[in-house]
Amino acid sequence: MNIIILSRSAALYSTQSLYRAATMKGHFVQIIDHMYCDLLVKNGKSKVFYNGYELQGIHAIIPRIGATATEYGSYVIRQFENMGVYSVLKPDSLLKARNKFTCLQILAKNGIPIPNTATTNYTEDLDVFLDLFQEHPVIIKLLSSTHGEGVIKSDTPEVSATLMEAFLNLKHKILVQEFIKESSGTDIRAFVVGDKVVAAMERRAAIGEFRSNLHRGGSSESIRLTNEEVSIAKKSARILGLQVAGVDILRSNKGSMVIEVNASPGLEGIETTTNVNIARSIISLVERNSKFRL
Ligand SMILES: Nc1ncnc2c1ncn2[C@@H]1O[C@H](COP(=O)(O)OP(=O)(O)O)[C@@H](O)[C@H]1O
Ligand SMILES: [Mg+2]
């Protein structure tokens, strides 16, 4: 097959891992930076150009779209889909998952347990808004953050109001969420490919930190999920229309809850922690789902 990996850099672990898995299975693979793709719709026909060359004869794309490229990345994926190319990631699924509040709204509507979460758009009555939470600390999150960077624990309503005022005045969208204290700096990353959880790890935050992201210095180990967690993870991915998803789960006193679903989950942490060749599962998924047949 003729496969394109959409990625900002060929040097990234996930890109390398997918490239290796695909070439080992005999596919022809190109790594293309989606931010340098030109998109043309001419007389109703969709085309993609890269460095002035038209990309043709492509059977499948594997998008790896970072948080800063969500919108343009979705245009590029949709363009390929309009050309009849199979994409592992649907543009609408990317957009839904990338907004943490939209994502949680969709999950909650479909019966997936999530922490109590609220959002607001104005700063005049923040004390009234914060009364929605009977307890502090709360978690304040930028809706489009990743790697734990826009996730803050606030200990008092005064600090929460000040932070929210600052973010909203800067036109950053945020959510406020109950703090799941009993998860004590750990979370679970369940990695879904197709209709299976292919690997799972528990991440533990560094000392003095509540965010368990590996990018924040967290450590990780393989973990066995409960049947309920497997089913929550698979259902979360299915509801969002994601064939590949990193589902983040917190174990709370009220049961396991989903805090976010990653549409372009990194492979490095999960592959090195669990020794599962996830890239190979993704290439098998592409082989099963694309229309291309030898
Ligand atoms: N409601 C919460 N209660 C306790 N810890 C949380 C909560 N939300 C997030 N965290 C911690 O912060 C980390 C980052 O939050 P997450 O929503 O996954 O955002 P990101 O996209 O930055 O990874 C989580 O992995 C978890 O350790
Ligand atoms: Mg996360």
# chains A, B, ... in the order shown; residues from 1 in each chain; ligands from 1
>>> residues_around(residues="Leu267 of chain A", least_positions_apart="2", cutoff="8 Å", atoms="only C-alpha atoms", output="list in words")
Tyr13, Ser14, Ser17, Pro265, Gly269, Ile270, Glu271, Ile278 and Ala279 of chain A
>>> residues_near_ligand(ligand="ligand 1", cutoff="6 Å", atoms="only C-alpha atoms and all ligand atoms", output="PDB file with C-alpha atoms, in the first residue's frame")
ATOM      1  CA  ILE A 139      -8.932  21.549  38.759  1.00  0.00           C
ATOM      2  CA  SER A 145      -4.042  21.879  26.535  1.00  0.00           C
ATOM      3  CA  THR A 146      -1.833  18.781  26.372  1.00  0.00           C
ATOM      4  CA  HIS A 147       1.046  17.221  28.328  1.00  0.00           C
ATOM      5  CA  GLY A 148      -0.524  18.535  31.545  1.00  0.00           C
ATOM      6  CA  GLU A 149       0.599  22.047  30.654  1.00  0.00           C
ATOM      7  CA  VAL A 151      -3.944  21.799  34.085  1.00  0.00           C
ATOM      8  CA  GLN A 177     -13.532  20.095  37.422  1.00  0.00           C
ATOM      9  CA  GLU A 178     -13.826  18.352  40.760  1.00  0.00           C
ATOM     10  CA  PHE A 179     -10.416  17.276  42.032  1.00  0.00           C
ATOM     11  CA  ILE A 180     -10.229  13.488  42.311  1.00  0.00           C
ATOM     12  CA  LYS A 181      -7.994  13.431  45.363  1.00  0.00           C
ATOM     13  CA  GLY A 185      -1.357  11.630  41.362  1.00  0.00           C
ATOM     14  CA  THR A 186      -1.947   8.516  39.285  1.00  0.00           C
ATOM     15  CA  ASP A 187      -3.963   7.988  36.148  1.00  0.00           C
ATOM     16  CA  PHE A 210      -0.455  15.933  40.942  1.00  0.00           C
ATOM     17  CA  ARG A 211      -0.279  15.645  37.129  1.00  0.00           C
ATOM     18  CA  SER A 212       0.837  12.184  36.097  1.00  0.00           C
ATOM     19  CA  ASN A 213       1.804  13.051  32.499  1.00  0.00           C
ATOM     20  CA  ASP A 248      -7.164   8.789  30.276  1.00  0.00           C
ATOM     21  CA  ILE A 259     -10.943  12.696  32.042  1.00  0.00           C
ATOM     22  CA  GLU A 260      -9.968  12.975  28.392  1.00  0.00           C
TER      23      GLU A 260
END
>>> residues_around(residues="Lys90 of chain A", least_positions_apart="4", cutoff="10 Å", atoms="only C-alpha atoms", output="PyMOL selection string")
chain A and resi 63+74+77-78+81+86+94-95+240-243+263
>>> write_last_selection(atoms="C-alpha atoms", output="PDB file, in the first residue's frame")
ATOM      1  CA  PRO A  63      -2.498  11.503  10.861  1.00  0.00           C
ATOM      2  CA  SER A  74      -8.567  18.649  10.104  1.00  0.00           C
ATOM      3  CA  ILE A  77      -7.469  15.005   6.606  1.00  0.00           C
ATOM      4  CA  ARG A  78     -10.848  15.982   5.133  1.00  0.00           C
ATOM      5  CA  GLU A  81     -10.973  11.738   2.590  1.00  0.00           C
ATOM      6  CA  TYR A  86      -8.797   6.051   4.012  1.00  0.00           C
ATOM      7  CA  LEU A  94     -10.303  14.952  15.984  1.00  0.00           C
ATOM      8  CA  LEU A  95     -12.224  18.196  16.507  1.00  0.00           C
ATOM      9  CA  LEU A 240     -16.080   9.767  19.429  1.00  0.00           C
ATOM     10  CA  GLY A 241     -15.521   7.787  16.226  1.00  0.00           C
ATOM     11  CA  LEU A 242     -11.839   7.207  17.037  1.00  0.00           C
ATOM     12  CA  GLN A 243     -10.109   4.063  15.725  1.00  0.00           C
ATOM     13  CA  ALA A 263      -7.005  11.541  19.285  1.00  0.00           C
TER      14      ALA A 263
END
>>> closest_residue(among="A:Val230, A:Val198, A:Ile188, A:Ile62", to="ligand 2", atoms="only C-alpha atoms and all ligand atoms")
A:Ile188
>>> closest_residue(among="A:Gly150, A:Gly57, A:Gly255, A:Pro157", to="ligand 2", atoms="only C-alpha atoms and all ligand atoms")
A:Gly150
>>> residues_around(residues="Ile5 of chain A", least_positions_apart="6", cutoff="9 Å", atoms="only C-alpha atoms", output="NGL selection string")
:A and (15 or 18-19 or 29-33 or 60-64)
>>> write_last_selection(atoms="C-alpha atoms", output="PDB file, in the first residue's frame")
ATOM      1  CA  THR A  15       6.398   8.674  13.543  1.00  0.00           C
ATOM      2  CA  LEU A  18       4.767   3.754  12.576  1.00  0.00           C
ATOM      3  CA  TYR A  19       7.210   4.141   9.676  1.00  0.00           C
ATOM      4  CA  VAL A  29       5.516   5.094   3.283  1.00  0.00           C
ATOM      5  CA  GLN A  30       5.968   8.858   2.998  1.00  0.00           C
ATOM      6  CA  ILE A  31       6.192  11.216   5.966  1.00  0.00           C
ATOM      7  CA  ILE A  32       4.463  14.476   5.088  1.00  0.00           C
ATOM      8  CA  ASP A  33       4.189  17.622   7.210  1.00  0.00           C
ATOM      9  CA  ALA A  60      -4.276   5.515   3.412  1.00  0.00           C
ATOM     10  CA  ILE A  61      -3.164   8.292   5.750  1.00  0.00           C
ATOM     11  CA  ILE A  62      -2.130   8.008   9.390  1.00  0.00           C
ATOM     12  CA  PRO A  63      -2.498  11.503  10.861  1.00  0.00           C
ATOM     13  CA  ARG A  64      -0.382  12.504  13.863  1.00  0.00           C
TER      14      ARG A  64
END
>>> residues_around(residues="Gly194 of chain A", least_positions_apart="4", cutoff="10 Å", atoms="only C-alpha atoms", output="list of chain:residue names")
A:Val88, A:Val198, A:Lys234, A:Ala237, A:Arg238, A:Leu242, A:Gln243, A:Val244, A:Ala245, A:Ser281, A:Ile282, A:Ser284, A:Leu285, A:Val286, A:Arg288, A:Asn289
>>> write_last_selection(atoms="C-alpha atoms", output="PDB file, in the first residue's frame")
ATOM      1  CA  VAL A  88      -7.197   6.332  10.519  1.00  0.00           C
ATOM      2  CA  VAL A 198      -4.188  -3.157  23.057  1.00  0.00           C
ATOM      3  CA  LYS A 234     -13.568   1.035  24.126  1.00  0.00           C
ATOM      4  CA  ALA A 237     -13.302   5.728  21.556  1.00  0.00           C
ATOM      5  CA  ARG A 238     -16.321   4.345  19.681  1.00  0.00           C
ATOM      6  CA  LEU A 242     -11.839   7.207  17.037  1.00  0.00           C
ATOM      7  CA  GLN A 243     -10.109   4.063  15.725  1.00  0.00           C
ATOM      8  CA  VAL A 244      -6.945   4.950  17.623  1.00  0.00           C
ATOM      9  CA  ALA A 245      -7.345   6.619  21.003  1.00  0.00           C
ATOM     10  CA  SER A 281      -1.555  -2.952  15.457  1.00  0.00           C
ATOM     11  CA  ILE A 282      -2.251   0.434  13.845  1.00  0.00           C
ATOM     12  CA  SER A 284      -2.917  -3.921  10.698  1.00  0.00           C
ATOM     13  CA  LEU A 285      -5.961  -1.712  11.281  1.00  0.00           C
ATOM     14  CA  VAL A 286      -5.079   0.321   8.186  1.00  0.00           C
ATOM     15  CA  ARG A 288      -8.142  -4.131   7.352  1.00  0.00           C
ATOM     16  CA  ASN A 289     -10.011  -0.866   6.814  1.00  0.00           C
TER      17      ASN A 289
END
>>> atom_distance(atom1="atom CA of Leu225 of chain A", atom2="atom CA of Leu142 of chain A")
28.3 Å
>>> atom_distance(atom1="atom CA of Gly217 of chain A", atom2="atom CA of Thr273 of chain A")
14.3 Å
>>> residues_around(residues="Thr274 of chain A", least_positions_apart="3", cutoff="9 Å", atoms="only C-alpha atoms", output="PyMOL selection string")
chain A and resi 199-201+221-223+269-271+277
>>> closest_residue(among="A:Ile140, A:Ala69, A:Val192, A:Val261", to="Asn99 of chain A", atoms="only C-alpha atoms")
A:Val261
>>> residues_around(residues="Leu130 of chain A", least_positions_apart="4", cutoff="8 Å", atoms="only C-alpha atoms", output="list of chain:residue names")
A:Leu126, A:Pro157, A:Ser160, A:Ala161
>>> closest_residue(among="A:Glu229, A:Asp38, A:Glu268, A:Asp92", to="Val76 of chain A", atoms="only C-alpha atoms")
A:Asp38
